[in-house]
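S.K.: Just run-v4.cif, nothing more (mmCIF, C-alpha atoms):
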data_my_file
loop_
_atom_site.label_atom_id
_atom_site.label_comp_id
_atom_site.auth_asym_id
_atom_site.auth_seq_id
_atom_site.Cartn_x
_atom_site.Cartn_y
_atom_site.Cartn_z
CA MET A 1 124.78 111.31 139.14
CA ARG A 2 125.13 113.27 142.41
CA LYS A 3 121.87 111.79 143.61
CA LYS A 4 123.15 108.25 142.95
CA ILE A 5 126.40 109.02 144.77
CA LYS A 6 124.45 110.39 147.72
CA ILE A 7 122.22 107.31 147.82
CA GLY A 8 125.31 105.10 147.63
CA ILE A 9 126.97 106.92 150.55
CA ILE A 10 123.80 106.64 152.64
CA ALA A 11 123.53 102.92 151.86
CA PHE A 12 127.19 102.40 152.76
CA LEU A 13 126.82 104.25 156.07
CA ALA A 14 123.66 102.28 156.85
CA LEU A 15 125.46 99.00 156.22
CA LEU A 16 128.41 100.17 158.28
CA THR A 17 126.11 101.08 161.16
CA VAL A 18 124.36 97.73 160.99
CA GLY A 19 127.75 96.00 160.94
CA ILE A 20 128.98 97.89 163.99
CA ILE A 21 125.76 97.19 165.89
CA HIS A 22 126.06 93.50 165.00
CA LEU A 23 129.70 93.47 166.09
CA PHE A 24 128.88 94.78 169.55
CA THR A 25 125.58 93.01 170.19
CA HIS A 26 125.94 89.57 168.62
CA THR A 27 126.89 86.78 171.01
CA PRO A 28 128.71 83.94 169.26
CA SER A 29 127.42 80.43 169.83
CA LEU A 30 129.18 78.35 172.45
CA SER A 31 131.48 75.80 170.85
CA ASP A 32 130.11 72.25 170.59
CA LYS A 33 133.51 71.27 172.04
CA HIS A 34 132.93 73.34 175.16
CA GLY A 35 134.39 71.60 178.19
CA VAL A 36 136.85 69.49 176.19
CA VAL A 37 140.47 69.69 177.38
CA GLU A 38 143.57 68.07 175.89
CA ALA A 39 145.88 66.58 178.53
CA LYS A 40 149.29 64.97 178.01
CA LEU A 41 151.09 63.49 181.01
CA PHE A 42 154.87 63.21 181.14
CA LEU A 43 155.99 61.11 184.11
CA GLY A 44 159.42 60.77 185.62
CA ASN A 45 160.71 57.64 187.34
CA ALA A 46 160.15 58.70 190.94
CA GLN A 47 157.26 57.84 193.22
CA LYS A 48 154.88 60.44 194.67
CA GLN A 49 155.86 63.05 192.11
CA PRO A 50 154.47 66.58 192.59
CA LEU A 51 152.39 67.52 189.54
CA PHE A 52 153.54 70.51 187.49
CA VAL A 53 150.66 71.60 185.22
CA GLY A 54 151.69 73.75 182.25
CA PHE A 55 149.45 76.04 180.19
CA GLY A 56 150.23 78.07 177.09
CA GLY A 57 148.91 81.50 176.22
CA GLY A 58 146.73 83.26 173.69
CA GLY A 59 148.20 81.47 170.68
CA GLY A 60 146.38 78.29 171.60
CA GLY A 61 147.46 74.70 171.20
CA ASN A 62 149.19 72.63 173.86
CA ASP A 63 152.50 74.42 174.38
CA TRP A 64 153.83 72.15 177.11
CA GLY A 65 153.31 69.14 174.88
CA ARG A 66 155.38 70.63 172.06
CA ASN A 67 159.02 69.95 171.23
CA TYR A 68 160.22 73.47 172.00
CA LEU A 69 159.50 72.90 175.70
CA LYS A 70 160.82 69.34 175.77
CA ASP A 71 164.06 70.34 177.53
CA LYS A 72 162.08 71.96 180.33
CA ARG A 73 159.73 68.98 180.59
CA ASP A 74 162.66 66.59 180.74
CA SER A 75 164.48 68.63 183.36
CA LEU A 76 161.36 68.76 185.54
CA ASN A 77 160.99 64.98 185.21
CA GLN A 78 164.64 64.50 186.14
CA LYS A 79 164.13 66.65 189.22
CA GLY A 80 161.24 64.39 190.28
CA TYR A 81 158.17 66.26 188.99
CA ALA A 82 155.47 64.90 186.74
CA VAL A 83 154.45 67.32 183.99
CA LEU A 84 150.89 67.65 182.74
CA ALA A 85 150.53 69.64 179.49
CA ILE A 86 147.08 71.17 179.09
CA GLY A 87 145.60 72.48 175.84
CA TYR A 88 142.38 74.39 176.37
CA PHE A 89 141.74 75.79 172.88
CA LYS A 90 143.14 75.18 169.37
CA ALA A 91 144.33 71.79 170.63
CA ASN A 92 143.14 68.29 169.80
CA GLY A 93 139.35 68.12 170.25
CA THR A 94 139.14 71.46 172.08
CA PRO A 95 137.29 74.68 171.14
CA GLU A 96 138.76 76.72 168.30
CA HIS A 97 138.71 80.00 170.22
CA LEU A 98 139.64 81.23 173.68
CA ASP A 99 135.99 81.81 174.52
CA ARG A 100 134.15 80.87 177.71
CA ILE A 101 136.62 78.11 178.54
CA SER A 102 135.31 75.94 181.37
CA LEU A 103 137.47 76.19 184.48
CA ASP A 104 135.49 73.30 185.93
CA ALA A 105 136.47 71.05 183.03
CA ILE A 106 140.14 71.94 183.42
CA ARG A 107 140.01 71.35 187.17
CA ASP A 108 138.28 67.97 186.72
CA THR A 109 140.87 66.91 184.13
CA ILE A 110 143.80 67.81 186.38
CA LEU A 111 142.35 66.07 189.42
CA SER A 112 141.59 62.96 187.38
CA VAL A 113 145.21 62.77 186.19
CA ALA A 114 146.44 63.46 189.73
CA GLN A 115 144.95 60.12 190.83
CA HIS A 116 147.82 58.34 189.08
CA PRO A 117 149.62 56.18 191.69
CA ASP A 118 152.98 57.85 190.99
CA ILE A 119 151.63 61.38 191.54
CA ASP A 120 151.35 63.23 194.84
CA ALA A 121 147.91 64.85 194.55
CA SER A 122 148.65 67.06 197.56
CA LYS A 123 151.27 68.94 195.54
CA ILE A 124 149.76 70.38 192.36
CA ILE A 125 151.52 73.44 190.94
CA LEU A 126 150.04 75.48 188.10
CA PHE A 127 152.25 77.29 185.60
CA GLY A 128 150.96 79.60 182.88
CA GLY A 129 152.24 82.45 180.75
CA SER A 130 150.37 85.42 179.30
CA ARG A 131 146.68 84.46 178.95
CA GLY A 132 147.73 81.16 180.51
CA GLY A 133 148.92 83.17 183.53
CA GLU A 134 145.49 84.78 183.73
CA LEU A 135 144.03 81.28 183.54
CA VAL A 136 146.10 79.72 186.34
CA LEU A 137 145.36 82.63 188.67
CA ASN A 138 141.65 82.20 187.97
CA LEU A 139 141.88 78.44 188.56
CA ALA A 140 143.85 78.59 191.79
CA SER A 141 141.61 81.38 193.11
CA ARG A 142 138.58 79.13 192.83
CA TYR A 143 139.78 75.61 193.65
CA LYS A 144 141.58 74.71 196.87
CA GLU A 145 143.05 71.53 195.37
CA PHE A 146 145.81 73.57 193.69
CA ASN A 147 148.77 74.21 195.95
CA GLY A 148 150.98 76.71 194.17
CA VAL A 149 150.97 79.11 191.23
CA ILE A 150 153.63 80.45 188.88
CA ALA A 151 152.31 83.08 186.46
CA GLY A 152 154.53 84.70 183.84
CA SER A 153 153.73 87.91 181.94
CA THR A 154 150.29 87.75 183.46
CA SER A 155 147.34 90.02 184.21
CA ASN A 156 145.50 90.86 187.42
CA VAL A 157 142.13 90.87 185.65
CA SER A 158 140.20 88.68 183.24
CA PHE A 159 140.06 89.95 179.66
CA PRO A 160 137.45 89.22 176.99
CA ALA A 161 137.39 86.20 174.72
CA ILE A 162 139.69 86.18 171.69
CA THR A 163 136.94 86.27 169.07
CA LEU A 164 135.86 88.71 166.38
CA TYR A 165 133.24 90.07 168.78
CA ALA A 166 135.27 90.13 172.02
CA ASN A 167 132.02 90.49 173.93
CA THR A 168 132.03 87.28 175.98
CA SER A 169 134.25 86.15 178.83
CA SER A 170 137.32 84.06 178.29
CA TRP A 171 136.34 81.82 181.22
CA THR A 172 133.33 80.22 182.88
CA HIS A 173 132.97 78.89 186.41
CA ALA A 174 130.03 76.83 187.60
CA GLY A 175 128.28 77.59 184.30
CA GLU A 176 128.60 81.37 184.66
CA GLU A 177 130.85 83.75 182.76
CA ILE A 178 133.64 85.23 184.85
CA PRO A 179 133.52 89.07 184.85
CA TYR A 180 135.98 90.64 182.40
CA VAL A 181 137.22 94.05 181.31
CA PRO A 182 135.34 94.87 178.09
CA ALA A 183 136.99 96.10 174.91
CA PRO A 184 135.69 99.59 174.04
CA PHE A 185 135.15 100.63 170.44
CA LYS A 186 138.39 102.63 170.35
CA THR A 187 140.45 99.43 170.73
CA ILE A 188 139.55 98.39 167.18
CA THR A 189 142.22 100.61 165.59
CA PRO A 190 145.22 99.37 167.61
CA ALA A 191 143.91 95.79 167.44
CA ILE A 192 143.78 95.94 163.62
CA LYS A 193 147.35 97.29 163.62
CA GLY A 194 148.46 94.46 165.87
CA ASP A 195 149.27 96.86 168.71
CA LEU A 196 147.98 94.66 171.51
CA TYR A 197 149.76 96.65 174.21
CA THR A 198 147.77 99.80 173.41
CA ALA A 199 144.52 97.87 173.08
CA HIS A 200 144.93 96.31 176.53
CA ALA A 201 146.04 99.62 178.05
CA MET A 202 142.85 101.21 176.71
CA MET A 203 140.73 98.49 178.30
CA LEU A 204 142.42 99.09 181.64
CA GLU A 205 141.34 102.74 181.61
CA ASP A 206 137.88 101.63 182.74
CA LYS A 207 138.62 101.54 186.47
CA GLU A 208 135.17 100.33 187.47
CA ALA A 209 135.37 97.41 185.03
CA VAL A 210 138.90 96.62 186.22
CA LYS A 211 137.70 96.48 189.81
CA ASN A 212 134.86 94.15 188.83
CA ALA A 213 137.15 91.87 186.79
CA GLU A 214 140.02 91.56 189.25
CA ILE A 215 141.04 87.97 189.95
CA PRO A 216 140.53 87.12 193.67
CA VAL A 217 144.11 85.95 194.11
CA GLU A 218 143.87 86.16 197.92
CA ASN A 219 141.92 82.86 197.76
CA ILE A 220 144.87 80.90 196.38
CA ASN A 221 145.80 77.94 198.58
CA GLY A 222 149.58 78.12 198.36
CA PRO A 223 152.64 80.19 197.42
CA VAL A 224 152.54 82.49 194.40
CA LEU A 225 155.35 83.53 192.06
CA ILE A 226 154.75 86.26 189.48
CA ILE A 227 157.39 86.94 186.80
CA SER A 228 157.32 89.70 184.18
CA GLY A 229 159.61 91.44 181.70
CA LYS A 230 160.19 95.19 181.88
CA ASP A 231 159.72 95.61 178.13
CA ASP A 232 156.58 93.55 177.56
CA ASP A 233 155.04 94.69 174.25
CA GLN A 234 151.87 92.57 174.44
CA TRP A 235 150.22 94.15 177.48
CA PRO A 236 151.26 96.02 180.66
CA ALA A 237 152.37 92.86 182.49
CA PRO A 238 154.72 94.59 185.02
CA GLU A 239 152.02 97.02 186.15
CA MET A 240 149.33 94.34 186.28
CA SER A 241 151.68 92.03 188.20
CA GLU A 242 152.23 94.74 190.79
CA GLN A 243 148.47 95.02 191.20
CA ILE A 244 148.40 91.30 192.05
CA ILE A 245 151.03 91.86 194.75
CA LYS A 246 149.11 94.88 196.05
CA ARG A 247 145.91 92.84 196.36
CA LEU A 248 147.72 90.02 198.18
CA LYS A 249 149.25 92.49 200.64
CA GLU A 250 145.95 94.24 201.29
CA ASN A 251 144.30 90.91 202.04
CA ASN A 252 147.11 89.71 204.36
CA PHE A 253 147.80 86.71 202.15
CA ARG A 254 149.17 83.99 204.41
CA HIS A 255 151.39 82.21 201.89
CA SER A 256 154.67 83.25 200.31
CA TYR A 257 154.38 85.56 197.29
CA SER A 258 156.69 87.65 195.13
CA HIS A 259 156.94 89.46 191.82
CA ILE A 260 160.25 89.24 189.98
CA LEU A 261 160.76 91.91 187.31
CA LEU A 262 163.26 90.94 184.63
CA ASP A 263 165.08 92.65 181.80
CA GLY A 264 163.35 91.48 178.64
CA GLY A 265 159.96 91.20 177.04
CA HIS A 266 156.87 89.02 177.02
CA VAL A 267 158.78 85.71 176.93
CA ALA A 268 161.32 86.69 179.61
CA PRO A 269 159.82 84.29 182.21
CA LEU A 270 160.55 81.26 180.00
CA GLU A 271 164.05 82.58 179.36
CA HIS A 272 164.76 82.63 183.11
CA PHE A 273 163.34 79.25 184.06
CA ASN A 274 165.85 78.91 186.88
CA LEU A 275 163.45 81.08 188.87
CA VAL A 276 160.79 78.37 188.48
CA TYR A 277 163.22 75.70 189.69
CA ASP A 278 164.12 77.87 192.71
CA PHE A 279 160.42 78.29 193.56
CA LEU A 280 159.79 74.55 193.29
CA ASP A 281 162.86 73.72 195.39
CA GLU A 282 161.78 76.12 198.10
CA HIS A 283 158.11 75.14 198.35
CA PHE A 284 157.76 71.66 196.78
CA LYS A 285 161.13 70.10 197.37
CA ILE A 286 161.49 66.44 196.44
CA GLU A 287 162.49 64.38 199.46
#
Show how you would write the structure in this file as structure tokens.

M.R.:
Amino acid sequence: MRKKIKIGIIAFLALLTVGIIHLFTHTPSLSDKHGVVEAKLFLGNAQKQPLFVGFGGGGGGNDWGRNYLKDKRDSLNQKGYAVLAIGYFKANGTPEHLDRISLDAIRDTILSVAQHPDIDASKIILFGGSRGGELVLNLASRYKEFNGVIAGSTSNVSFPAITLYANTSSWTHAGEEIPYVPAPFKTITPAIKGDLYTAHAMMLEDKEAVKNAEIPVENINGPVLIISGKDDDQWPAPEMSEQIIKRLKENNFRHSYSHILLDGGHVAPLEHFNLVYDFLDEHFKIE
């Protein structure tokens, strides 16, 4: 009996080891929907409308096309801005996971929409929250066609894909994966518990990886507004936002930039949308 138990334990440990090795070495296949983006345009009645492009976060779908943001869409339209809602995963026809999303495809989609005769293609403002904030900073850092960025509850680095394996980049540019901060083995426990803050904080302990994965925000071709909540429980957004400001300062960024720290949590930026209106009025005022 003891011999059978011992053999069973050995077999279990062997399977566990194989499973762990598979988890850290297997690269998931690229989605057959790679490069597909969902875009919904909401136009106002004005001519030459600046284009406000909205992205959701790590939950997926097309947040700016949903009813819960309709009031904000409508108010932007009334102020003279066109609104483009972008879904880049878990949206109609798009990949199921936030995994190696093509920045080139998103850029091409936005610029195609910006050719609409009622849109001013010289005024394209990107807005994203959480992983969407990470996305818009990556986009604007690589494409000069984007003229302003508003990132809420964002990061200063790229994080891994949201997959079981978490061993690929969230983003690709020119066919190459963008460097990201890897998830060490110890993040499994907090991730299983749903403690995303601790998991992200653990990833950020790897200073060399953080340096390699920093978003080159100094390349952005326009003003930058960063907004975070003091009590963010999803990841260290206030600290990461300050790192963005530090990098801009160190590189003598020539455009306006600021970080506004609010009372509140991860969704605080959406709860203080007047700050977005103020930014738009200051830098992209409708004549």

S.K.: Between A:Gly87, A:Pro223, A:Pro117, A:Pro182, single out the one closest to Gly54 of chain A, counting only C-alpha atoms.

M.R.: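 Looking at the shortest contact to Gly54 of chain A, the residue is A:Gly87.
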
S.K.: Check what the PyMOL selection byres ((chain A and resi 40) around 7) selects in the file above and give those residues as a list in words.

M.R.: Glu38, Ala39, Leu41, Phe42, Gly65, Leu84, Ala85 and Ile86 of chain A

S.K.: What is the atom CA of Pro50 of chain A to atom CA of Tyr88 of chain A distance in Å?

M.R.: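 Atom-to-atom, atom CA of Pro50 of chain A and atom CA of Tyr88 of chain A are spaced 21.7 Å apart.
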
S.K.: Just the residues within 12 Å of Ala121 of chain A, please, counting only C-alpha atoms, with nothing from its chain fewer than 2 positions along; format it as number ranges by chain.

M.R.: A: 47-53, 81-82, 110-119, 123-125, 144-147

S.K.: Expressed in Å to a single decimal, how great is the separation between atom CA of Leu164 of chain A and atom CA of Arg107 of chain A?

M.R.: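 Computing it gives 27.4 Å between the two atoms.
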
S.K.: Mind checking which residues fall within 6 Å of segment 238-248 of chain A, counting all atoms listed in the file, ignoring those fewer than 3 positions away in the same chain, and posting them as a count of residues only?

M.R.: 6

S.K.: Give me the result of the PyMOL selection byres ((chain A and resi 129) around 8) on this file, residue by residue, as a ChimeraX atom specification.

M.R.: /A:55-57,127-128,130-134,151-154,269

S.K.: Can you find the residues with an atom no farther than 8 Å from (140.2, 97.0, 182.9), counting all atoms listed in the file, and report them as a list of chain:residue names?

M.R.: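 Those residues, ordered by chain and then number, are A:Val157, A:Phe159, A:Tyr180, A:Val181, A:Pro182, A:His200, A:Met202, A:Met203, A:Leu204, A:Glu205, A:Asp206, A:Lys207, A:Glu208, A:Ala209, A:Val210, A:Lys211, A:Ala213.
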
S.K.: Residues picked by the PyMOL selection byres ((chain A and resi 162) around 10) here, as number ranges by chain?

M.R.: A: 58-59, 97-100, 159-161, 163-170
